[in-house]
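Here is the structure we will look at.
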Number of protein chains: 2
Amino acid sequence: MTAGPDHKQASAERFIISVDAMSGDKGPATVVAGIAISAAKNPDVGFILHGDSAVLTPLLAKRAQLTNRVTIQDAQGVVTMDAKPSQVVRNAKDTSMWSTIESVKEGNASAAVSCGNTGALMALSMIRLRKLEGVNRPAIAVLWPSRAETGFNIMLDVGADVRADASDLLKYALMGTSYARNGLGLHRPRVGLLNVGTEENKGRTELKDAFGLIGDFAEQANYEFVGFVEGSDIPGDVADVIVTDGFTGNVAIKTGEGTASLIGDLLKQAFKYSIMSRLASLLALGTMKRLKTRIDPRHVNGGVFLGLNGTVVKSHGGADATGVSAAVQLAIQLAKSGFTEKLAARVATTLALAQSDDELSEKTAQLQDERQT
Amino acid sequence: MTAGPDHKQASAERFIISVDAMSGDKGPATVVAGIAISAAKNPDVGFILHGDSAVLTPLLAKRAQLTNRVTIQDAQGVVTMDAKPSQVVRNAKDTSMWSTIESVKEGNASAAVSCGNTGALMALSMIRLRKLEGVNRPAIAVLWPSRAETGFNIMLDVGADVRADASDLLKYALMGTSYARNGLGLHRPRVGLLNVGTEENKGRTELKDAFGLIGDFAEQANYEFVGFVEGSDIPGDVADVIVTDGFTGNVAIKTGEGTASLIGDLLKQAFKYSIMSRLASLLALGTMKRLKTRIDPRHVNGGVFLGLNGTVVKSHGGADATGVSAAVQLAIQLAKSGFTEKLAARVATTLALAQSDDELSEKTAQLQDERQT
């Protein structure tokens, strides 16, 4: 996309992405295949690949186009998909996941990508990269196919933390708009707060508080606050950024995925029903492919961890090469846009105006008083 | 279905359904059209129709098949869609919604159906019908298209209350399984507790507590507890009854609806793309119609209020005649199965074993201790 003038020159690589080769369900060959797709599209990007070098070296040797584009960082341990985050934190120093994050921490890479265990990846990211000043709870943000002009909305948190208070939700709004600017190219994103109705008096207390806070910061943080939105607006064209706690966000994203998958399967069944429908399905092949590309989760694969000193993209555990490549592409895009620095600056500037969490709490109390009078 | 021997005889009507004619978005003509569909299918059912008799009388006069099947109960007031439940409770005595519930309270009808404002309908139902002994928070349950053999799962609560503690969630499990028996014909329903992961150690405290309680009552209440389930299992074949709080359930159901609607629209667009795809769409008409019938929300229209002394079915506000008829059909099915009484008996029997809410709290504390040791 913003390819350098000389596609063959390895030294022209200006951005390095750190990739965990070992933690996904499908193994290192799939990750290498995904990197190969991304490497071909982005001649100005290099990769550090983390994992068992005895396994990775022959995999890379098979792909001439990756010569001089990938550095292997040997790491013998692997974080398993069912590992508990608390255990991983204590015993992960030799793992590919730890090593992948370490490259970002040391400044050797601009962003990290892993297909591993979400909880473990978040725990390691928090410990090694540390939380951004002013952020209490980091969040995971995803792109969600929608009716919006960009084709996507951003939702966060989708599972970093099952809790979020009003101040956390405000920071999700700030981080989400930063992502919308750098990931979707939106200048003044629309922010919606997920609730069970759009009336101001509905929902839980922390949501009413967050409603006040997010509204108050809209002007200075340059977003438009559209107020409460509902589940049906997640794939809608009402808000570009949908803010919610990690419990609700996680249930919503999985419900959406499950519904899409059920409809897809029913559609397949329906087309097998009669000779007429089988014929229709042949003629509709191209149509279905276009639709699938539009909503295929593999093409929008990658949850971004926000609120850390560094960009980490979590790819789906079962991602195939196309999925891995989509996650890597997202990491590249964010690295190129200087996302980590811009997000940090945005949060810092906005929160400097609020000065401290104490003042946010005070503001919240004040809003509560106003509601009661 | 279980039609009486003499289809023409009004006196053969053994079940009476109370229907609110005025509160929906589409007006009384649509409700009357919906009743006409249901009346034709259920010769043993009669109706009490609530609303302005000057409006309803001519609407009924146009439909000969409703002669002697419908009694009009005059009610001049209408609860508007944007009315606040707190206001409605104070000023609703002359409304069609109040009158509809009153017929169930007085024992003149077996179940009530309304297309009106959900919050107002729940508030009036709670005030007039009262909560079932042992139930602190009534719930709204919906049927959700799924991969299960019945074609549906039951999810509750989808919006009666934004909060639910462990004891409420246990009662949702009891009420949901009762609904699964009488609504889906399942002898020993599978119950799942909605969470962000399936591991026992995940999620919020009240969910871990509820996990213990629901597991403990599985044997005596004759359901199978499958443990924690995720959003993707809502349309799946893992649990027949999905238990969650009304906030999460409401977001999930609306996210699922929004996703289904987006996919439907993208499908339509895709079929308009080229001559080939237009031809395919012609051939696929029957296929699409079959699929639509399978997942059309109109055919599974109706949230059931559980935990009250009486059955109330909330139809979608914008329901057309097909939708109204589906909601009425659900009310008829539940009335015929003696659902209200069976559910009350089930909750009473199960809770008698726990004796009191105090004992449930004690049990919960005990489970918490066990977790910590």
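Chain labels follow the order of the structure tokens: the first chain is A, the next B, and so on; residue numbering restarts at 1 in every chain, and ligands are counted from 1 in their shown order.
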DSSP on the backbone: what in segment 89-265 of chain B comes out alpha helix (DSSP H), as a ChimeraX atom specification? /B:89-91,96-105,118-129,166-184,205-217,246-265
Pull the closest atom pair for each residue of segment 115-176 of chain A that gets at most 6 Å from segment 240-255 of chain A, along with the distance in Å to one decimal, counting only C-alpha atoms, ordering rows by chain and then ascending residue number, as a tab-separated table.
```
residue	atom	partner	partner_atom	distance
A:Asn153	CA	A:Asp240	CA	4.7
A:Ile154	CA	A:Val241	CA	4.7
A:Met155	CA	A:Ile242	CA	4.6
A:Leu156	CA	A:Val243	CA	5.4
A:Asp157	CA	A:Gly246	CA	4.5
A:Val158	CA	A:Gly249	CA	4.2
A:Gly159	CA	A:Gly246	CA	4.1
A:Ala160	CA	A:Gly246	CA	5.8
A:Asp161	CA	A:Gly246	CA	5.1
A:Val162	CA	A:Phe247	CA	4.5
A:Arg163	CA	A:Asp245	CA	5.9
A:Ala164	CA	A:Asp245	CA	5.2
```
Which residues of segment 225-335 of chain A come within 6 Å of segment 122-145 of chain A, and what is each one's closest atom pair and distance in Å (one decimal), counting only C-alpha atoms, sorted by chain and residue number, as CSV?
```
residue,atom,partner,partner_atom,distance
A:Gly303,CA,A:Val142,CA,4.7
A:Val304,CA,A:Ala141,CA,5.1
A:Phe305,CA,A:Ile140,CA,4.6
A:Leu306,CA,A:Ala139,CA,5.2
A:Gly307,CA,A:Pro138,CA,4.6
A:Leu308,CA,A:Lys131,CA,4.5
A:Asn309,CA,A:Leu129,CA,5.3
```
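Using only C-alpha atoms, the residues found no farther than 8 Å from segment 330-344 of chain B, other than those of its own chain fewer than 5 positions away, are Phe15, Ile17, Val45, Ser110, Ala111, Ala112, Val113, Leu132, Met175, Ser178, Tyr179, Asn182, Gly183, Gly302, Gly307, Asn309, Gly310, Thr311, Val312 and Val313 of chain B.
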Show me, as a list of chain:residue names, the residues that have an atom within 12 Å of Gln87 of chain B when counting only C-alpha atoms, minus same-chain residues fewer than 5 positions from it.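 Residues near the query, excluding close chain neighbours: B:Val79, B:Thr80, B:Asp82, B:Ala92, B:Lys93, B:Gly119, B:Ala120, B:Ala123, B:Leu124.
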Take the residues from that selection and write them out as a short mmCIF file (atom, residue, chain, number, x, y, z; two decimals), in the first residue's frame, keeping C-alpha atoms.
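Produced file out16.cif, reproduced below:
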```cif
data_model
loop_
_atom_site.label_atom_id
_atom_site.label_comp_id
_atom_site.auth_asym_id
_atom_site.auth_seq_id
_atom_site.Cartn_x
_atom_site.Cartn_y
_atom_site.Cartn_z
CA VAL B 79 -50.47 3.16 26.78
CA THR B 80 -48.08 4.81 24.32
CA ASP B 82 -42.72 5.90 24.88
CA ALA B 92 -53.37 3.31 33.32
CA LYS B 93 -56.64 2.08 34.79
CA GLY B 119 -41.58 -1.82 30.44
CA ALA B 120 -45.17 -0.71 30.97
CA ALA B 123 -44.90 -3.05 35.41
CA LEU B 124 -48.67 -3.53 35.07
#
```
Identify, with DSSP run on backbone atoms, the residues in segment 53-235 of chain B assigned to strand (DSSP E), and express the list as a PyMOL selection string. chain B and resi 70-74+111-114+139-145+152-156+190-194+224-229
